[in-house]
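Undergrad: Contents of input.cif (mmCIF, C-alpha atoms) are given next:
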```
data_structure
#
loop_
_atom_site.label_atom_id
_atom_site.label_comp_id
_atom_site.auth_asym_id
_atom_site.auth_seq_id
_atom_site.Cartn_x
_atom_site.Cartn_y
_atom_site.Cartn_z
CA CYS A 28 -5.37 28.84 0.09
CA VAL A 29 -6.51 29.39 3.64
CA CYS A 30 -8.18 26.82 5.90
CA GLY A 31 -10.40 29.55 7.30
CA ASN A 32 -12.04 29.88 3.90
CA THR A 33 -15.23 27.79 4.06
CA GLU A 34 -14.76 26.14 0.67
CA GLN A 35 -11.11 25.34 1.34
CA ARG A 36 -11.87 24.12 4.85
CA ASP A 37 -14.51 21.74 3.52
CA PHE A 38 -12.02 20.52 0.91
CA VAL A 39 -9.32 19.83 3.50
CA GLU A 40 -11.77 18.19 5.88
CA ALA A 41 -12.89 15.89 3.08
CA LEU A 42 -9.38 14.88 1.97
CA GLY A 43 -7.30 15.41 5.10
CA HIS A 44 -4.15 17.43 5.68
CA ILE A 45 -1.04 16.39 3.72
CA ASP A 46 2.53 16.96 4.84
CA ALA A 47 4.53 15.10 2.19
CA ASP A 48 7.71 17.15 2.80
CA SER A 49 7.51 16.75 6.60
CA ASP A 50 7.73 20.49 7.31
CA ALA A 51 4.81 20.39 9.80
CA LEU A 52 2.67 22.45 7.38
CA CYS A 53 -0.25 21.15 5.34
CA ASP A 54 0.70 21.06 1.64
CA ARG A 55 -2.94 21.78 0.74
CA CYS A 56 -3.72 24.74 2.96
CA GLY A 57 -0.56 25.77 4.84
CA GLU A 58 -2.05 25.10 8.26
CA LYS A 59 0.18 23.58 10.92
CA THR A 60 -0.26 19.86 11.08
CA GLN A 61 1.32 16.82 12.66
CA ARG A 62 1.80 13.40 11.14
CA GLY A 63 -0.03 10.88 13.35
CA PRO A 64 -0.11 9.11 15.55
CA ALA A 65 -3.46 7.50 14.88
CA SER A 66 -5.73 6.97 17.86
CA GLN A 67 -6.66 3.48 19.07
CA ASP A 68 -10.04 1.98 19.88
CA GLU A 69 -10.78 -0.10 22.97
CA ASN A 70 -9.24 -3.17 21.29
CA GLY A 71 -5.97 -1.43 20.44
CA VAL A 72 -6.80 -1.09 16.73
CA TYR A 73 -5.35 2.04 15.14
CA LEU A 74 -8.07 4.21 13.55
CA ILE A 75 -6.86 5.84 10.34
CA GLY A 76 -8.84 8.60 8.65
CA THR A 77 -6.26 10.83 6.93
CA ALA A 78 -3.27 10.48 4.65
CA ASN A 79 -0.98 11.72 7.42
CA GLN A 80 -2.21 9.01 9.77
CA LEU A 81 -1.66 6.38 7.08
CA ILE A 82 1.90 7.65 6.55
CA TRP A 83 2.45 7.52 10.29
CA PHE A 84 1.15 3.93 10.36
CA GLN A 85 3.51 2.96 7.51
CA GLU A 86 6.46 4.46 9.34
CA PHE A 87 5.47 2.84 12.64
CA VAL A 88 5.23 -0.61 11.04
CA ASN A 89 8.50 -0.20 9.17
CA GLU A 90 10.27 0.83 12.36
CA GLY A 91 9.57 -2.65 13.73
CA ASN A 92 5.96 -2.63 14.97
CA ALA A 93 4.73 -5.16 12.44
CA ASP A 94 2.12 -7.15 14.37
CA ILE A 95 -0.47 -4.41 14.85
CA SER A 96 -3.96 -3.78 13.51
CA ALA A 97 -5.57 -0.83 11.75
CA LYS A 98 -8.98 0.19 10.46
CA LEU A 99 -9.85 2.96 8.03
CA THR A 100 -12.49 5.43 9.19
CA ALA A 101 -12.70 7.41 5.93
CA ASP A 102 -11.60 7.40 2.31
CA ILE A 103 -7.98 8.56 1.92
CA ASP A 104 -6.41 10.49 -0.96
CA LEU A 105 -2.65 9.94 -1.45
CA ARG A 106 -2.35 12.44 -4.28
CA ASP A 107 1.02 14.25 -4.39
CA ILE A 108 2.60 11.72 -2.03
CA HIS A 109 5.41 9.42 -3.15
CA TRP A 110 4.19 6.28 -1.41
CA ILE A 111 6.49 3.89 0.44
CA GLY A 112 4.91 0.54 1.24
CA ILE A 113 3.73 -0.64 4.65
CA GLY A 114 6.14 -3.41 5.67
CA THR A 115 9.55 -4.23 4.25
CA LYS A 116 11.41 -7.37 3.24
CA GLU A 117 13.10 -7.37 6.64
CA GLN A 118 10.05 -6.20 8.58
CA PRO A 119 6.89 -7.46 6.80
CA PHE A 120 3.44 -6.39 7.99
CA ALA A 121 2.03 -9.21 10.14
CA GLY A 122 -1.16 -7.72 11.54
CA SER A 123 -4.67 -6.90 10.33
CA PHE A 124 -5.71 -4.05 8.05
CA ASP A 125 -9.46 -3.44 7.66
CA GLY A 126 -10.50 -0.93 5.00
CA ASP A 127 -14.06 -1.02 6.37
CA GLY A 128 -15.42 -0.43 2.86
CA HIS A 129 -13.31 2.67 2.22
CA THR A 130 -11.06 3.61 -0.70
CA ILE A 131 -7.41 4.63 -0.77
CA ARG A 132 -7.08 6.77 -3.92
CA ASN A 133 -4.20 7.98 -6.06
CA MET A 134 -1.43 5.88 -4.57
CA THR A 135 1.67 6.79 -6.57
CA VAL A 136 4.84 4.71 -6.67
CA SER A 137 7.68 5.58 -9.05
CA TYR A 138 11.30 4.59 -9.36
CA ALA A 139 13.96 5.33 -11.96
CA GLY A 140 17.46 4.17 -11.19
CA ASP A 141 20.13 1.50 -11.27
CA THR A 142 19.47 -0.57 -8.15
CA ASN A 143 19.97 -4.32 -8.41
CA ASP A 144 17.82 -5.04 -5.36
CA ALA A 145 14.26 -6.33 -5.41
CA LEU A 146 11.83 -3.42 -5.10
CA TYR A 147 9.06 -4.70 -2.78
CA CYS A 148 6.64 -1.93 -3.80
CA GLY A 149 2.89 -1.65 -3.33
CA LEU A 150 0.46 -0.31 -0.74
CA PHE A 151 2.20 -2.93 1.37
CA GLY A 152 5.86 -3.56 0.63
CA SER A 153 5.67 -6.99 2.20
CA ILE A 154 3.01 -8.91 4.14
CA ALA A 155 3.85 -12.06 6.10
CA GLY A 156 1.87 -13.74 8.83
CA THR A 157 2.73 -16.96 10.64
CA THR A 158 1.34 -20.48 10.41
CA GLN A 159 -0.48 -19.82 13.69
CA THR A 160 -1.79 -16.32 12.85
CA HIS A 161 -2.25 -15.18 9.28
CA ALA A 162 -1.90 -11.54 8.33
CA ILE A 163 -5.22 -10.03 7.16
CA VAL A 164 -6.18 -7.34 4.65
CA LYS A 165 -9.89 -6.87 3.93
CA ASN A 166 -12.72 -4.59 2.81
CA LEU A 167 -10.62 -2.20 0.77
CA THR A 168 -10.54 -0.52 -2.63
CA LEU A 169 -7.22 0.82 -3.90
CA THR A 170 -6.52 3.02 -6.95
CA GLY A 171 -3.35 4.57 -8.27
CA SER A 172 -0.31 4.02 -10.48
CA MET A 173 3.17 2.48 -10.31
CA ASP A 174 5.95 3.25 -12.78
CA PHE A 175 9.43 1.72 -12.85
CA GLN A 176 12.36 2.59 -15.13
CA MET A 177 15.02 0.00 -14.34
CA ALA A 178 18.64 0.53 -15.38
CA GLY A 179 20.08 -2.09 -13.00
CA SER A 180 20.61 -5.81 -13.51
CA GLY A 181 18.30 -7.14 -10.81
CA SER A 182 16.44 -10.42 -11.13
CA TYR A 183 13.27 -9.63 -9.18
CA ALA A 184 10.80 -6.75 -9.03
CA PHE A 185 8.52 -8.26 -6.38
CA SER A 186 5.95 -5.50 -6.77
CA GLY A 187 2.17 -5.27 -7.10
CA GLY A 188 -0.71 -2.90 -6.50
CA LEU A 189 -1.63 -4.28 -3.09
CA ALA A 190 1.70 -5.79 -2.07
CA GLY A 191 5.18 -6.52 -3.28
CA ALA A 192 5.11 -9.93 -1.64
CA VAL A 193 2.52 -11.68 0.51
CA SER A 194 2.86 -14.86 2.55
CA LEU A 195 0.68 -16.67 5.08
CA ALA A 196 -2.15 -14.17 4.69
CA GLU A 197 -5.87 -13.87 4.05
CA ILE A 198 -6.94 -11.16 1.60
CA THR A 199 -10.72 -10.68 1.45
CA ASP A 200 -13.03 -8.29 -0.42
CA VAL A 201 -10.24 -6.18 -1.88
CA THR A 202 -10.42 -4.42 -5.27
CA VAL A 203 -7.27 -3.04 -6.86
CA ASP A 204 -7.29 -0.59 -9.78
CA VAL A 205 -3.63 0.36 -10.10
CA ALA A 206 -1.92 0.89 -13.46
CA ILE A 207 1.53 -0.73 -13.31
CA SER A 208 4.34 -0.31 -15.82
CA LEU A 209 7.91 -1.61 -15.63
CA GLU A 210 10.45 -0.85 -18.35
CA LYS A 211 14.08 -1.93 -18.53
CA THR A 212 16.32 0.96 -19.53
CA GLY A 213 19.58 -0.97 -19.07
CA THR A 214 20.86 -3.97 -20.98
CA ARG A 215 20.63 -6.55 -18.17
CA GLY A 216 18.15 -7.68 -15.55
CA SER A 217 14.94 -9.67 -15.78
CA TRP A 218 12.98 -7.83 -13.05
CA ALA A 219 10.58 -10.77 -12.67
CA TYR A 220 7.44 -11.11 -10.57
CA LEU A 221 5.09 -8.21 -11.15
CA GLY A 222 1.37 -8.56 -10.40
CA GLY A 223 -1.77 -6.49 -10.32
CA PHE A 224 -2.36 -7.64 -6.74
CA ALA A 225 1.04 -8.90 -5.65
CA GLY A 226 4.41 -9.60 -7.20
CA ARG A 227 4.84 -12.81 -5.23
CA GLY A 228 2.29 -14.84 -3.28
CA ASP A 229 2.89 -17.78 -0.97
CA ARG A 230 0.41 -19.75 1.18
CA THR A 231 -2.15 -16.96 0.86
CA VAL A 232 -5.89 -17.14 0.21
CA PHE A 233 -7.63 -14.43 -1.84
CA THR A 234 -11.42 -14.32 -1.46
CA ARG A 235 -13.73 -12.06 -3.50
CA CYS A 236 -10.79 -10.06 -4.77
CA GLU A 237 -10.56 -8.29 -8.13
CA ASN A 238 -7.86 -6.53 -10.12
CA LYS A 239 -9.00 -3.84 -12.58
CA GLY A 240 -5.65 -2.26 -13.38
CA ASP A 241 -3.52 -2.69 -16.50
CA ILE A 242 -0.03 -4.09 -16.04
CA THR A 243 3.02 -4.30 -18.30
CA GLY A 244 6.39 -5.78 -17.42
CA LEU A 245 9.14 -8.13 -18.47
CA SER A 246 8.96 -11.58 -16.85
CA ASN A 247 6.52 -13.46 -14.62
CA VAL A 248 3.90 -10.75 -15.07
CA ALA A 249 0.27 -11.47 -14.16
CA GLY A 250 -2.93 -9.55 -13.66
CA PHE A 251 -3.24 -11.04 -10.20
CA VAL A 252 -0.08 -12.53 -8.66
CA GLY A 253 3.24 -12.65 -10.50
CA GLY A 254 4.31 -16.03 -9.17
CA ASN A 255 4.55 -18.78 -6.55
CA GLY A 256 1.82 -20.52 -4.58
CA TYR A 257 -1.49 -18.97 -3.60
CA GLU A 258 -5.22 -19.75 -3.60
CA TYR A 259 -7.91 -17.64 -5.25
CA ASN A 260 -11.20 -18.52 -3.58
CA ARG A 261 -14.01 -17.23 -5.82
CA ALA A 262 -16.88 -19.00 -4.07
CA ASN A 263 -16.56 -17.90 -0.47
#
```
Now that the file is in, can you turn its structure into structure tokens?

TA:
Amino acid sequence: CVCGNTEQRDFVEALGHIDADSDALCDRCGEKTQRGPASQDENGVYLIGTANQLIWFQEFVNEGNADISAKLTADIDLRDIHWIGIGTKEQPFAGSFDGDGHTIRNMTVSYAGDTNDALYCGLFGSIAGTTQTHAIVKNLTLTGSMDFQMAGSGSYAFSGGLAGAVSLAEITDVTVDVAISLEKTGTRGSWAYLGGFAGRGDRTVFTRCENKGDITGLSNVAGFVGGNGYEYNRAN
């Protein structure tokens, strides 16, 4: 396809350029593209309107820039991208992420292998604020799928549609519709803590949040949060 073609150009403008293989060419149309960086508004908030900018943001956070803020400016399609979560166990996301009413579609996470380490998979791998300043995720709809084929003997999955683990955070007006499946292909390993929203939640308040996705797993599996302490505030 060619971006100069009106129909194709409209399609790319609607969904954004994709460069999943990092060859500086759009996987949809072949046009030269560049992954990020996202621009910032007058308050220093990163404005994210394409899949490439979201990938750039994920990489920027995971490189050590965890306490930053972002806001979506458009719906984003992650089709054909193997998603790696924003924030890691060692470098959890500690800032603010405002979906501004937009949808991130077709997030795809898959793993088949023999690792024994916790996975920390989701749109966010790990979220952790502080007692003074909670991390924030709000005003977002997320759809997609997660599939795990585990041959290793690990104890914890720590994975969920929104986040693998979340601590000291406020999650508000977020809807998750992610189908999650974890199967053990080896003879050992419990791979506990799998949730529609988060695998593990600690000192976190969820307000007006909903999970619509199906989830199957092995141990400590829940439609919302796989385990540990959290609050689900329906009223406010």

Undergrad: Would you mind reading off the distance between atom CA of Ala101 of chain A and atom CA of Gly76 of chain A, one decimal, in Å?

TA: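 Separation between atom CA of Ala101 of chain A and atom CA of Gly76 of chain A: 4.9 Å.
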
Undergrad: Residues picked by the PyMOL selection byres ((chain A and resi 169) around 9) here, as a VMD selection string?

TA: chain A and resid 129 to 134 150 167 to 168 170 to 171 188 to 189 201 to 205

Undergrad: Would you kindly translate the PyMOL selection byres ((chain A and resi 219) around 6) into the concrete residues it picks from this file, as a count of residues only?

TA: 7

Undergrad: Could you name the residues that touch Gly254 of chain A at 10 Å or less, counting all atoms listed in the file, but leaving out those on the same chain fewer than 3 positions away, as a list in words?

TA: Phe185, Ala192, Ala219, Tyr220, Leu221, Gly222, Ala225, Gly226, Arg227, Gly228, Asp229, Asn247, Val248, Ala249, Phe251 and Tyr257 of chain A

Undergrad: Report, in Å to a single decimal, how far apart atom CA of Thr212 of chain A and atom CA of Gly114 of chain A are.

TA: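 According to the coordinates, atom CA of Gly114 of chain A and atom CA of Thr212 of chain A are separated by 27.5 Å.
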
Undergrad: Please, what distance in Å, to one decimal, runs between atom CA of Met177 of chain A and atom CA of Gly216 of chain A?

TA: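 Going from atom CA of Met177 of chain A over to atom CA of Gly216 of chain A, I get 8.4 Å.
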
Undergrad: Nearest to Phe233 of chain A: which of A:Ala196, A:Ala190, A:Leu105, A:Cys148 is it, counting only C-alpha atoms?

TA: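 Selected residue with least distance to Phe233 of chain A: A:Ala196.
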
Undergrad: Do you know which residues are at most 9 Å from Ala93 of chain A counting only C-alpha atoms, after dropping those on the same chain fewer than 6 positions away, and could you put them as a ChimeraX atom specification?

TA: /A:87,114,118-122

Undergrad: Expand the PyMOL selection byres ((chain A and resi 139) around 6) into the individual residues it matches in the shown file, reporting them as a ChimeraX atom specification.

TA: /A:138,140,175-177

Undergrad: List every protein, DNA or RNA residue with an atom no more than 7 Å from (2.8, 8.0, -9.8) in the file's coordinates, counting all atoms listed in the file, and format the result as a short mmCIF file (atom, residue, chain, number, x, y, z; two decimals) with C-alpha atoms, in the coordinates of the input.

TA:
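Generated file (point.cif):
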```
data_model
loop_
_atom_site.label_atom_id
_atom_site.label_comp_id
_atom_site.auth_asym_id
_atom_site.auth_seq_id
_atom_site.Cartn_x
_atom_site.Cartn_y
_atom_site.Cartn_z
CA THR A 135 1.67 6.79 -6.57
CA VAL A 136 4.84 4.71 -6.67
CA SER A 137 7.68 5.58 -9.05
CA SER A 172 -0.31 4.02 -10.48
CA MET A 173 3.17 2.48 -10.31
CA ASP A 174 5.95 3.25 -12.78
#
```
